[in-house]
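K.L.:
My structure is below; once you've seen it, I'll send some questions.
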Amino acid sequence: MDDRLSEAAAKVNSQVDEMMSRMNTSAVFGEPIHQGDLTLIPVGSVLYGFGSGQGYGRGKDEKAGAGAPVGEDAPMGEGAGAGGGGGGIARPLGFIKIDASGAKWEPTMDMTRVSVGGMLLAGWIVFWVMKMIRSVVSAKGDCC
């Protein structure tokens with residue numbers, strides 16, 4: 001295998017290792033907070049994924065036109081390749097509040113979901129209003 005391919009694969013592997021070390025709940029929330037008798041334990045969801053690939057090729061150059069050497073005199077092809085990518089998301093779910101009265105789950109509000117829900121509701125309302133307007137207009141056209 002080509003040294004350049006090995007170097008590229010090692011770089012991809014080190015980037016994946018770095019990403020995995022950073023993708024954790026404490027990256028979003030920090031450590032549990034202690035203040036007197038009160039303790040807050042942050043809870044979150046962390047998801048990540050990645051993929052990588054490598055390659056190498058060697059063969060005769062198949063793009064040679066008419067009159068190009070054939071057989072052992074034909075130019076040899078070359079190849080290499082490496083790549084990878086990944087990503088992740090960490091989102092807060094809430095926190096556990098522990099005090100003298102006991103432990104209690106306190107969920108956080110995900111404003112992105114609230115916003116998307118509002119947009120979907122607005123689109124649904126517009127759709128039905130437009131459908132009602134069309135049916136009224138077509139009914140008037142048939143009437144008179």
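Residues in the structure tokens are named by chain (A, B, ... in the order shown) and by number from 1 within that chain; ligands are numbered from 1 in the order shown.
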When DSSP works through the backbone of this structure, what residues of range 1-142 of chain A end up as strand (DSSP E or B), shown as number ranges by chain?
P.N.:
A: 33-35, 38-55, 60, 76, 81-99, 102-107
K.L.:
For Gly79 in chain A, list every protein, DNA or RNA residue within 7 Å, evaluated using only C-alpha atoms, and leave out those in the same chain fewer than 4 positions away; present the list as a list in words.
P.N.:
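Non-adjacent residues within range: Tyr56, Gly57 and Arg58 of chain A.
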K.L.:
Could you write those residues out with N, CA and C atoms, as an mmCIF file, in the first residue's frame?
P.N.:
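Ended up saving to selection-v5.cif:
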data_model
loop_
_atom_site.group_PDB
_atom_site.id
_atom_site.type_symbol
_atom_site.label_atom_id
_atom_site.label_comp_id
_atom_site.auth_asym_id
_atom_site.auth_seq_id
_atom_site.Cartn_x
_atom_site.Cartn_y
_atom_site.Cartn_z
ATOM 1 N N TYR A 56 -7.025 1.499 -3.165
ATOM 2 C CA TYR A 56 -5.780 1.474 -3.912
ATOM 3 C C TYR A 56 -6.084 0.747 -5.205
ATOM 4 N N GLY A 57 -5.493 1.148 -6.287
ATOM 5 C CA GLY A 57 -5.737 0.475 -7.548
ATOM 6 C C GLY A 57 -4.469 0.439 -8.370
ATOM 7 N N ARG A 58 -4.392 -0.555 -9.186
ATOM 8 C CA ARG A 58 -3.248 -0.643 -10.095
ATOM 9 C C ARG A 58 -3.708 -1.496 -11.263
#
K.L.:
From the options A:Glu78, A:Ala122, A:Val43, A:Arg134, which residue's atoms come nearest to Gly94 in chain A, counting only C-alpha atoms?
P.N.:
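Once distances to Gly94 in chain A are computed over only C-alpha atoms, the minimum belongs to A:Val43.
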K.L.:
For Ser6 in chain A, which residue among A:Ala90, A:Val126, A:Ala82, A:Leu120 is the nearest when counting only C-alpha atoms?
P.N.:
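Of A:Ala90, A:Val126, A:Ala82, A:Leu120, the one nearest Ser6 in chain A is A:Ala82, counting only C-alpha atoms.
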K.L.:
Find the residue from A:Ile96, A:Met130, A:Gly85, A:Gly141 that sits nearest to Leu40 in chain A; use only C-alpha atoms when measuring.
P.N.:
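The shortest atom-to-atom distance to Leu40 in chain A comes from A:Ile96.
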K.L.:
Which of these residues is nearest to Ala80 in chain A, using only C-alpha atoms: A:Gly55, A:Lys140, A:Gly49, A:Asp3?
P.N.:
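Among A:Gly55, A:Lys140, A:Gly49, A:Asp3, it is A:Gly55 that comes nearest to Ala80 in chain A.
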K.L.:
Leaving out range 102-109 of chain A and any residue of its chain fewer than 6 positions from it, which residues lie within 12 Å of it when counting only C-alpha atoms, given as an MDAnalysis selection string?
P.N.:
chainID A and resid 37:44 91:96 115
K.L.:
Using only N, CA and C atoms, please write the residues we just selected to a file, as an mmCIF file, in the first residue's frame.
P.N.:
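So the final result, stored in result_1.cif, reads:
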data_model
loop_
_atom_site.group_PDB
_atom_site.id
_atom_site.type_symbol
_atom_site.label_atom_id
_atom_site.label_comp_id
_atom_site.auth_asym_id
_atom_site.auth_seq_id
_atom_site.Cartn_x
_atom_site.Cartn_y
_atom_site.Cartn_z
ATOM 1 N N ASP A 37 -27.406 21.749 50.006
ATOM 2 C CA ASP A 37 -28.130 20.476 49.972
ATOM 3 C C ASP A 37 -28.675 20.162 48.578
ATOM 4 N N LEU A 38 -28.473 21.042 47.633
ATOM 5 C CA LEU A 38 -29.019 20.882 46.285
ATOM 6 C C LEU A 38 -27.956 20.331 45.332
ATOM 7 N N THR A 39 -28.352 19.315 44.569
ATOM 8 C CA THR A 39 -27.471 18.762 43.540
ATOM 9 C C THR A 39 -28.270 18.684 42.233
ATOM 10 N N LEU A 40 -27.684 19.197 41.176
ATOM 11 C CA LEU A 40 -28.282 19.112 39.842
ATOM 12 C C LEU A 40 -27.409 18.207 38.974
ATOM 13 N N ILE A 41 -28.028 17.172 38.414
ATOM 14 C CA ILE A 41 -27.306 16.243 37.552
ATOM 15 C C ILE A 41 -27.855 16.406 36.132
ATOM 16 N N PRO A 42 -27.066 16.967 35.225
ATOM 17 C CA PRO A 42 -27.542 17.159 33.852
ATOM 18 C C PRO A 42 -27.675 15.832 33.118
ATOM 19 N N VAL A 43 -28.714 15.735 32.279
ATOM 20 C CA VAL A 43 -28.968 14.533 31.501
ATOM 21 C C VAL A 43 -29.113 14.950 30.046
ATOM 22 N N GLY A 44 -28.443 14.247 29.157
ATOM 23 C CA GLY A 44 -28.516 14.591 27.746
ATOM 24 C C GLY A 44 -28.418 13.365 26.860
ATOM 25 N N ARG A 91 -27.778 16.904 22.707
ATOM 26 C CA ARG A 91 -28.869 17.798 23.083
ATOM 27 C C ARG A 91 -29.278 17.531 24.523
ATOM 28 N N PRO A 92 -29.665 18.593 25.204
ATOM 29 C CA PRO A 92 -30.078 18.431 26.596
ATOM 30 C C PRO A 92 -31.461 17.801 26.683
ATOM 31 N N LEU A 93 -31.629 16.925 27.646
ATOM 32 C CA LEU A 93 -32.941 16.338 27.904
ATOM 33 C C LEU A 93 -33.560 16.915 29.180
ATOM 34 N N GLY A 94 -32.731 17.264 30.124
ATOM 35 C CA GLY A 94 -33.215 17.815 31.383
ATOM 36 C C GLY A 94 -32.174 17.628 32.464
ATOM 37 N N PHE A 95 -32.626 17.657 33.691
ATOM 38 C CA PHE A 95 -31.703 17.428 34.801
ATOM 39 C C PHE A 95 -32.454 16.785 35.960
ATOM 40 N N ILE A 96 -31.683 16.124 36.790
ATOM 41 C CA ILE A 96 -32.230 15.524 38.001
ATOM 42 C C ILE A 96 -31.882 16.465 39.153
ATOM 43 N N SER A 115 -40.565 25.041 17.666
ATOM 44 C CA SER A 115 -40.624 25.872 16.453
ATOM 45 C C SER A 115 -41.077 25.061 15.250
#
K.L.:
Can you list every residue in range 39-135 of chain A that DSSP puts in helix (DSSP H, G or I), as a ChimeraX atom specification?
P.N.:
/A:71-73,111-135
K.L.:
Separation of CA of Gln54 in chain A and CA of Gly84 in chain A, in Å?
P.N.:
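Value for the CA of Gln54 in chain A-CA of Gly84 in chain A distance: 8.7 Å.
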K.L.:
Quick check, in Å to one decimal: how far apart do CA of Gly88 in chain A and CA of Leu121 in chain A lie?
P.N.:
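About the pair CA of Gly88 in chain A and CA of Leu121 in chain A: they are 28.4 Å apart.
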